[in-house]
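Asks: Starting off with a structure, shown below.
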Amino acid sequence: MATRTQDASEFVPDTRELSRLRSAAATCRGCGLYRDATQTVFGDGPGNARVLMVGEQPGDYEDRAGEPFVGPAGRLLDRALAESAIDREQVYVTNAVKHFKFVRAERGKQRIHKKPSRTEIVACRPWLLAELDATRPELVVFLGATAAQALLGSSFRVTRERGNLLDLPERPAKALATVHPSSVLRAPDRQAAYADFVADLRVAATALEPAKP
Ligand code: URA
Ligand code: SF4
């Protein structure tokens with residue numbers, strides 16, 4: 001008998017209601033990351049969002065708060081959205097992986113972000129697909145390589161494709177990949193990195209028709 005790879009699919013209810021998806025995700029055990037994290041951090045935003053933005057995974061702040069993009073990266077994202085004429089109220093934000101993955105610092109209690117593995121990204125993908133089906137956005141923005149590779153394949157290169165408006169495979173939406181806001185915070189030339197990030201989001205904004213019916 002072939003061994004079945006464990007993933008989130010058996011935990012994902014057959015529904016397009018975000019509230020039902022969210023409550024089911026709270027008890028997901030589709031991979032091992034639920035064990036050490038505080039809680040599932042599901043996506044957040046309106047069910048009729050025009051834009052879905054995908055990050056990598058919740059960070060330390062998000063893990064405690066139970067909401068995506070509430071820490072420094074989230075604040076940078078909010079500021080960049082305001083500057084790129086994407087209405088934050090019409091954005092649903094989520095992550096490729098819904099539990100915080102970390103290692104403990106040798107001394108002290110600090111939890112240090114650890115990149116999720118390909119297996120964990122694939123295991124968590126059913127939630128992301130369910131969020132896409134629930135919100136049916138016009139545009140999906142991938143923040144960083146982990147997010148982009150979750151839906152566009154592991155050979156996708158953000159360095160090569162950033163800022164290009166693409167068609168999202170298998171769904172009637174546009175897509176655009178850019179860097180992760182945390183990388184802007186870490187960049188040696190932060191101002192330049194921020195300007196490039198905003199420029200990418202401005203390209204993304206051109207994919208939005210004036211109004212959603
Ligand atoms: N970084 C992410 O990728 N997602 C968050 O929710 C916060 C920081
Ligand atoms: Fe489930 Fe995703 Fe959390 Fe893994 S990371 S337990 S697949 S919600």
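Each chain in the structure tokens gets a letter, A, B, ..., in the order shown, and its residues are numbered from 1; ligands are numbered from 1 in order too.
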Determine, using only C-alpha atoms and all ligand atoms, which residues of chain A have any atom at most 7 Å from an atom of ligand 1, and tabulate each with its shortest atom pair and distance in Å to one decimal place, rows ordered by chain and then rising number, as a tab-separated table.

Replies:
```
residue	atom	partner	partner_atom_place_in_ligand_line	distance
A:Gly55	CA	ligand 1	3 (O)	3.8
A:Glu56	CA	ligand 1	3 (O)	3.7
A:Gln57	CA	ligand 1	3 (O)	4.4
A:Pro58	CA	ligand 1	6 (O)	4.0
A:Gly59	CA	ligand 1	8 (C)	4.8
A:Glu62	CA	ligand 1	6 (O)	5.8
A:Pro68	CA	ligand 1	6 (O)	3.7
A:Phe69	CA	ligand 1	6 (O)	3.8
A:Val70	CA	ligand 1	7 (C)	6.7
A:Gly71	CA	ligand 1	7 (C)	6.4
A:Ala73	CA	ligand 1	8 (C)	5.4
A:Gly74	CA	ligand 1	7 (C)	6.2
A:Thr94	CA	ligand 1	6 (O)	6.6
A:Asn95	CA	ligand 1	4 (N)	5.7
A:His180	CA	ligand 1	3 (O)	6.9
A:Ser182	CA	ligand 1	1 (N)	6.6
```

Asks: Write the residues of the selection above to a file with C-alpha atoms, as an mmCIF file, in the first residue's frame.

Replies:
```cif
data_model
loop_
_atom_site.group_PDB
_atom_site.id
_atom_site.type_symbol
_atom_site.label_atom_id
_atom_site.label_comp_id
_atom_site.auth_asym_id
_atom_site.auth_seq_id
_atom_site.Cartn_x
_atom_site.Cartn_y
_atom_site.Cartn_z
ATOM 1 C CA GLY A 55 2.886 35.810 2.973
ATOM 2 C CA GLU A 56 5.115 33.012 4.155
ATOM 3 C CA GLN A 57 4.016 32.069 7.650
ATOM 4 C CA PRO A 58 2.962 33.892 10.809
ATOM 5 C CA GLY A 59 5.795 35.441 12.799
ATOM 6 C CA GLU A 62 1.107 36.878 14.647
ATOM 7 C CA PRO A 68 -1.736 37.630 10.087
ATOM 8 C CA PHE A 69 0.538 40.623 9.461
ATOM 9 C CA VAL A 70 0.056 42.447 12.740
ATOM 10 C CA GLY A 71 3.791 42.911 13.502
ATOM 11 C CA ALA A 73 6.142 43.461 8.470
ATOM 12 C CA GLY A 74 2.389 44.047 8.552
ATOM 13 C CA THR A 94 -3.023 35.189 4.615
ATOM 14 C CA ASN A 95 0.056 32.985 4.650
ATOM 15 C CA HIS A 180 8.430 39.820 1.377
ATOM 16 C CA SER A 182 10.389 41.493 6.079
#
```

Asks: Could you pull out the residues sitting within 7 Å of ligand 2, using only C-alpha atoms and all ligand atoms, and write them as a PyMOL selection string?

Replies: chain A and resi 7-8+25+28-34+40+97-99+120+123-124

Asks: Name the residues in contact with Thr15 of chain A at a cut-off of 10 Å, using only C-alpha atoms, excluding same-chain residues fewer than 5 positions from it; report them as a list of chain:residue names.

Replies: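 Everything that qualifies: A:Arg20, A:Leu21, A:Ala130, A:Glu131, A:Asp133, A:Ala134.
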
Asks: What lies within 7 Å of Val12 of chain A using only C-alpha atoms, ignoring chain neighbours under 2 positions off, as a list of chain:residue names?

Replies: A:Ala8, A:Ser9, A:Glu10, A:Asp14, A:Leu21, A:Ala24, A:Trp127

Asks: Limited to C-alpha atoms, could you put the picked residues into a file as a short mmCIF file (atom, residue, chain, number, x, y, z; two decimals), in the first residue's frame?

Replies:
```cif
data_model
loop_
_atom_site.label_atom_id
_atom_site.label_comp_id
_atom_site.auth_asym_id
_atom_site.auth_seq_id
_atom_site.Cartn_x
_atom_site.Cartn_y
_atom_site.Cartn_z
CA ALA A 8 -4.38 19.49 5.55
CA SER A 9 -7.02 18.26 3.12
CA GLU A 10 -8.85 15.98 5.54
CA ASP A 14 -16.30 21.60 1.90
CA LEU A 21 -12.89 27.44 7.27
CA ALA A 24 -11.87 24.22 11.21
CA TRP A 127 -6.15 25.92 3.23
#
```

Asks: Pick out the residues sitting within 10 Å of segment 196-200 of chain A, and hand them over as a ChimeraX atom specification; count only C-alpha atoms, and ignore anything fewer than 3 positions along from it in its own chain.

Replies: /A:77,79-85,141,143,162-165,176-181,183-184,190-193,203-205

Asks: One decimal, Å: what's the distance from atom CA of Asp44 of chain A over to atom CA of Val103 of chain A, could you say?

Replies: 25.8 Å

Asks: Record the distance separating atom CA of Pro188 of chain A and atom CA of Ala145 of chain A, expressed in Å with one decimal.

Replies: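 One can read the atom CA of Pro188 of chain A to atom CA of Ala145 of chain A distance as 19.3 Å.
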
Asks: Write out as an MDAnalysis selection string the set of residues from chain A that DSSP, computed on the backbone, places in strand (DSSP E).

Replies: chainID A and resid 51:55 91:95 102:104 111:113 139:143 166:167 174:178

Asks: Between atom CA of Arg202 of chain A and atom CA of His113 of chain A, measure the distance and give it in Å to one decimal.

Replies: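 Computing the Euclidean distance for atom CA of Arg202 of chain A and atom CA of His113 of chain A yields 29.0 Å.
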
Asks: Taking the DSSP assignment computed from this structure's backbone, write out as an NGL selection string all residues of segment 49-174 of chain A that belong to alpha helix (DSSP H).

Replies: :A and (60-65 or 72-83 or 118-135 or 145-152 or 158-161)

Asks: Could you name the residues that touch Gln110 of chain A at 12 Å or less, counting only C-alpha atoms, but leaving out those on the same chain fewer than 5 positions away, as a PyMOL selection string?

Replies: chain A and resi 60-61+102-105

Asks: Give me, as a ChimeraX atom specification, all polymer residues having an atom no more than 7 Å from Lys174 of chain A, counting only C-alpha atoms and skipping those fewer than 4 positions away in the same chain.

Replies: /A:138-140,165-168,207
